[in-house]
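Dumped final.cif below, it's mmCIF, C-alpha atoms:
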```
data_target
#
loop_
_atom_site.label_atom_id
_atom_site.label_comp_id
_atom_site.auth_asym_id
_atom_site.auth_seq_id
_atom_site.Cartn_x
_atom_site.Cartn_y
_atom_site.Cartn_z
CA MET A 246 0.00 0.00 0.00
CA ASP A 247 1.26 3.46 -0.90
CA ARG A 248 2.04 5.84 1.92
CA PRO A 249 0.01 9.05 2.00
CA LYS A 250 1.77 12.05 0.45
CA CYS A 251 2.07 15.70 1.32
CA ARG A 252 -0.57 17.67 -0.59
CA ASP A 253 1.92 20.48 -1.37
CA CYS A 254 5.23 18.79 -2.24
CA GLY A 255 4.28 15.12 -2.71
CA LYS A 256 6.78 13.70 -0.20
CA PRO A 257 5.63 10.61 1.72
CA LEU A 258 4.08 11.44 5.10
CA LYS A 259 5.13 9.76 8.32
CA ASP A 260 1.62 9.93 9.72
CA ALA A 261 -1.56 9.56 7.62
CA LYS A 262 -3.56 11.93 9.83
CA PHE A 263 -1.64 14.94 8.44
CA GLU A 264 -2.15 16.51 5.01
CA ARG A 265 1.28 18.13 4.77
CA CYS A 266 4.85 17.24 5.67
CA PHE A 267 6.62 19.13 8.44
CA GLU A 268 8.48 21.45 6.03
CA CYS A 269 5.39 22.42 4.01
CA ASN A 270 3.32 22.92 7.13
CA LYS A 271 6.04 25.19 8.51
CA LYS A 272 6.11 27.18 5.24
CA ARG A 273 2.33 27.63 5.35
CA LYS A 274 2.45 28.89 8.91
CA THR A 275 5.20 31.42 8.20
CA GLY A 276 3.51 32.51 4.96
CA GLY A 277 0.22 33.42 6.61
CA GLY A 278 -1.46 30.14 5.71
CA LEU A 279 -0.95 30.55 1.98
CA PRO A 280 1.11 28.08 0.00
CA ALA A 281 4.38 29.47 -1.28
CA PRO A 282 4.20 30.61 -4.90
CA ARG A 283 5.65 28.11 -7.32
CA ALA A 284 8.56 28.88 -9.58
CA GLY A 285 7.79 29.57 -13.21
CA LEU A 286 9.87 30.00 -16.31
CA PRO A 287 12.66 32.59 -16.18
CA GLN A 288 11.67 36.19 -16.80
CA SER A 289 11.98 37.15 -20.50
CA TYR A 290 12.45 33.47 -21.34
CA LEU A 291 13.33 33.07 -25.04
CA ASP A 292 12.58 36.75 -25.79
CA ASN A 293 15.98 36.93 -27.52
CA GLY A 294 15.64 33.57 -29.28
CA TYR A 295 18.16 30.77 -29.00
CA PHE A 296 21.27 32.35 -30.44
CA ASN A 297 23.70 35.14 -29.60
CA ASP A 298 25.00 37.72 -32.10
CA LEU A 299 27.60 35.25 -33.36
CA GLY A 300 24.97 32.58 -34.07
CA TYR A 301 25.82 30.30 -31.15
CA LEU A 302 23.45 29.02 -28.49
CA ARG A 303 23.13 31.67 -25.77
CA ASP A 304 25.09 30.76 -22.64
CA GLU A 305 22.11 31.27 -20.31
CA LEU A 306 20.14 28.58 -22.18
CA ILE A 307 22.88 26.07 -21.39
CA VAL A 308 23.17 26.70 -17.65
CA ASP A 309 21.13 29.42 -15.92
CA GLN A 310 17.80 29.16 -17.70
CA ALA A 311 18.06 25.38 -18.11
CA THR A 312 18.52 25.15 -14.35
CA GLN A 313 15.59 27.49 -13.68
CA VAL A 314 13.29 25.55 -16.01
CA ALA A 315 14.27 22.23 -14.42
CA SER A 316 13.70 23.72 -10.97
CA ALA A 317 10.26 24.97 -12.02
CA PHE A 318 9.39 21.49 -13.32
CA THR A 319 10.45 20.05 -9.97
CA ASP A 320 8.45 22.65 -8.07
CA HIS A 321 5.33 21.77 -10.09
CA GLN A 322 5.89 18.02 -9.60
CA VAL A 323 6.27 17.31 -13.31
CA THR A 324 7.51 13.74 -13.64
CA THR A 325 10.61 12.50 -15.39
CA GLY A 326 8.33 10.42 -17.60
CA GLN A 327 6.44 13.48 -18.82
CA ILE A 328 9.61 15.38 -19.61
CA ARG A 329 11.23 12.43 -21.35
CA ARG A 330 8.07 11.87 -23.40
CA PHE A 331 8.37 15.33 -24.94
CA TYR A 332 12.12 15.13 -25.27
CA ALA A 333 11.79 11.80 -27.14
CA HIS A 334 9.20 13.36 -29.44
CA LEU A 335 11.61 16.19 -30.21
CA ARG A 336 14.51 13.78 -30.79
CA GLN A 337 12.39 11.79 -33.24
CA ALA A 338 11.62 14.94 -35.24
CA VAL A 339 15.32 15.86 -35.39
CA ARG A 340 16.21 12.30 -36.46
CA ARG A 341 13.84 12.71 -39.39
CA LEU A 342 15.76 15.83 -40.42
CA ASP A 343 19.03 13.96 -40.04
CA THR A 344 17.80 11.27 -42.44
CA GLY A 345 17.07 13.86 -45.13
CA GLU A 346 13.43 14.84 -44.67
CA SER A 347 12.71 18.49 -45.28
CA PHE A 348 12.04 20.91 -42.45
CA GLU A 349 8.54 21.56 -43.83
CA ALA A 350 7.76 17.81 -43.69
CA VAL A 351 8.97 17.57 -40.07
CA LYS A 352 7.46 20.84 -38.84
CA PRO A 353 3.95 19.36 -38.16
CA ALA A 354 5.51 16.80 -35.80
CA VAL A 355 7.13 19.64 -33.88
CA LEU A 356 3.92 21.70 -33.81
CA GLU A 357 1.92 18.74 -32.49
CA MET A 358 3.92 18.99 -29.28
CA LYS A 359 1.69 21.94 -28.29
CA PRO A 360 -1.61 20.00 -28.22
CA LEU A 361 0.14 17.00 -26.66
CA ALA A 362 1.39 19.26 -23.87
CA ALA A 363 -2.09 20.74 -23.44
CA ASP A 364 -3.46 17.20 -23.12
CA ALA A 365 -0.82 16.30 -20.50
CA CYS A 366 -1.63 19.48 -18.60
CA GLY A 367 -5.35 18.72 -18.68
CA ARG A 368 -4.81 15.16 -17.46
CA ALA A 369 -2.63 16.44 -14.64
CA LYS A 370 -5.41 18.81 -13.55
CA ASN A 371 -7.70 15.78 -13.18
CA GLU A 372 -5.14 14.43 -10.69
CA GLY A 373 -4.93 17.73 -8.81
CA LYS A 374 -1.57 18.68 -10.31
CA ASP A 375 -0.51 21.80 -12.18
CA PHE A 376 1.69 21.13 -15.22
CA GLY A 377 1.11 24.63 -16.61
CA VAL A 378 4.84 25.33 -16.52
CA LEU A 379 5.44 22.33 -18.83
CA LEU A 380 2.79 23.60 -21.24
CA THR A 381 4.30 27.10 -21.22
CA PHE A 382 7.79 25.66 -21.80
CA ILE A 383 6.65 23.54 -24.76
CA GLU A 384 4.61 26.36 -26.30
CA ALA A 385 7.47 28.88 -26.06
CA ASN A 386 10.05 26.50 -27.49
CA VAL A 387 7.86 25.08 -30.25
CA SER A 388 7.00 28.61 -31.37
CA GLN A 389 10.72 29.38 -31.69
CA ALA A 390 11.70 25.99 -33.15
CA ALA A 391 8.99 26.03 -35.84
CA ARG A 392 10.55 29.16 -37.39
CA ALA A 393 13.70 27.55 -38.78
CA GLN A 394 15.56 24.26 -38.92
CA LYS A 395 18.55 25.74 -37.06
CA ASN A 396 16.25 26.76 -34.20
CA LEU A 397 15.02 23.20 -33.94
CA GLN A 398 18.32 21.35 -34.27
CA GLN A 399 20.78 23.75 -32.65
CA GLY A 400 18.45 25.64 -30.31
CA PHE A 401 15.51 23.70 -28.89
CA LEU A 402 17.13 20.24 -28.91
CA PRO A 403 20.30 21.10 -26.97
CA HIS A 404 18.45 23.45 -24.60
CA PHE A 405 15.91 20.73 -23.80
CA GLN A 406 18.77 18.26 -23.31
CA TYR A 407 20.28 20.57 -20.66
CA VAL A 408 16.88 20.97 -18.97
CA VAL A 409 16.54 17.16 -18.79
CA ALA A 410 20.03 16.87 -17.28
CA TYR A 411 19.34 19.44 -14.58
CA PHE A 412 15.92 17.95 -13.89
CA LYS A 413 17.55 14.59 -13.26
CA TYR A 414 20.00 16.34 -10.92
CA PHE A 415 17.08 17.80 -8.93
CA ASN A 416 15.17 14.48 -8.95
CA PRO A 417 17.74 11.67 -8.72
CA LYS A 418 15.30 9.23 -7.13
CA ASP A 419 12.34 9.90 -9.44
CA GLY A 420 12.02 6.55 -11.16
CA LYS A 421 9.02 7.63 -13.23
CA GLY A 422 10.71 7.61 -16.60
#
```

Could you render the structure as structure tokens?
Amino acid sequence: MDRPKCRDCGKPLKDAKFERCFECNKKRKTGGGLPAPRAGLPQSYLDNGYFNDLGYLRDELIVDQATQVASAFTDHQVTTGQIRRFYAHLRQAVRRLDTGESFEAVKPAVLEMKPLAADACGRAKNEGKDFGVLLTFIEANVSQAARAQKNLQQGFLPHFQYVVAYFKYFNPKDGKG
């Protein structure tokens, strides 16, 4: 039988009569009874696209913003399985390009990530979870990636790879994917 989990962070509870773990209960008490706001995507995320003036992936997309996105996913209890599902979808689209398909032929597969993310977000709501940050991440990146093949292959793909790596760092014991 599964142990009851904290309604805020999802950690297993020591005693089933409580709704929250000690840490979350303490946060609620110090925050006036309101849950702490959850992290979102970095401010001005992707406003400057993927590349710097020299045409290389912007440094902040490799470390700082990848870390912030992964942290936001953790904060919203997005699972490794959900993230890997979208990453695998992206990798499959890039593989098609690598085998010689045109960008225009592959573009619909990239665009379909938006409704798939909306579906995942809706399903999560049915379970009392909020995957809105995942939906926002996918929408922002797909909008950029659908503009040009370079954006897809040299922008979205490596950035998402770094997000996955940092997410695994924040969730080493999440065996859901």

Please enumerate the residues selected by the PyMOL selection byres ((chain A and resi 390-406) around 7) when evaluated against the supplied file, formatted as an MDAnalysis selection string. chainID A and resid 295 302 306:307 311 332 335 339 348 352 355:356 386:389 407:410

Residues around (4.2, 14.2, -0.9), cut-off 12 Å, counting only C-alpha atoms - what are they as a list in words?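 Within the cut-off we find Asp247, Arg248, Pro249, Lys250, Cys251, Arg252, Asp253, Cys254, Gly255, Lys256, Pro257, Leu258, Lys259, Asp260, Ala261, Phe263, Glu264, Arg265, Cys266, Phe267, Glu268, Cys269, Asn270, Asp320, His321, Gln322 and Lys374 of chain A.
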
Give me, as a compact mmCIF listing (two decimals) with C-alpha atoms, in the coordinates of the input, all polymer residues having an atom no more than 9 Å from Met358 (chain A), counting all atoms listed in the file and skipping those fewer than 3 positions away in the same chain.
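Saved result, part_8.txt, follows:
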```
# COMPACT_ATOMS: atom_id res chain seq x y z
CA PHE A 331 8.37 15.33 -24.94
CA HIS A 334 9.20 13.36 -29.44
CA LEU A 335 11.61 16.19 -30.21
CA PRO A 353 3.95 19.36 -38.16
CA ALA A 354 5.51 16.80 -35.80
CA VAL A 355 7.13 19.64 -33.88
CA LEU A 361 0.14 17.00 -26.66
CA ALA A 362 1.39 19.26 -23.87
CA ALA A 363 -2.09 20.74 -23.44
CA ILE A 383 6.65 23.54 -24.76
CA GLU A 384 4.61 26.36 -26.30
CA VAL A 387 7.86 25.08 -30.25
```

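A straight line drawn from CA of Cys366 (chain A) to CA of Gly326 (chain A) is 13.5 Å long.
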
Excluding Thr312 (chain A) and any residue of its chain fewer than 3 positions from it, enumerate the residues within 7 Å of it, using all atoms listed in the file, and give them as a ChimeraX atom specification. /A:308-309,315-316,408,411

As AutoDock Vina command-line options, please report the centre and edge lengths, rounded to one decimal in Å, of the axis-aligned box that holds all listed atoms of region 322-336 of chain A with 4 Å of padding on each of the six sides.
```
--center_x 10.2 --center_y 14.2 --center_z -20.2 --size_x 16.6 --size_y 15.6 --size_z 29.2
```

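Interatomic distance, CA of Glu346 (chain A) to CA of Phe382 (chain A): 25.9 Å.
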
What is the distance between CA of Gln310 (chain A) and CA of Tyr290 (chain A), in Å to one decimal? 7.8 Å

Carefully work through the PyMOL selection byres ((chain A and resi 327) around 10) for this structure and note down the residues it includes, as a ChimeraX atom specification. /A:323-326,328-332,362,365,376,379,421-422

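Among A:Lys418, A:Ala385, A:Lys359, A:Asn371, the residue with the shortest atom-to-atom distance to Leu291 (chain A), counting all atoms listed in the file, is A:Ala385.
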
Closest of A:Ala333, A:Val378, A:Ala369, A:Leu299 to Pro287 (chain A) - atom-to-atom distances counting all atoms listed in the file: A:Val378

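Using all atoms listed in the file for every distance, the candidate list A:Tyr414, A:Gln313, A:Glu357, A:Leu342 yields A:Gln313 as the residue closest to Gln288 (chain A).
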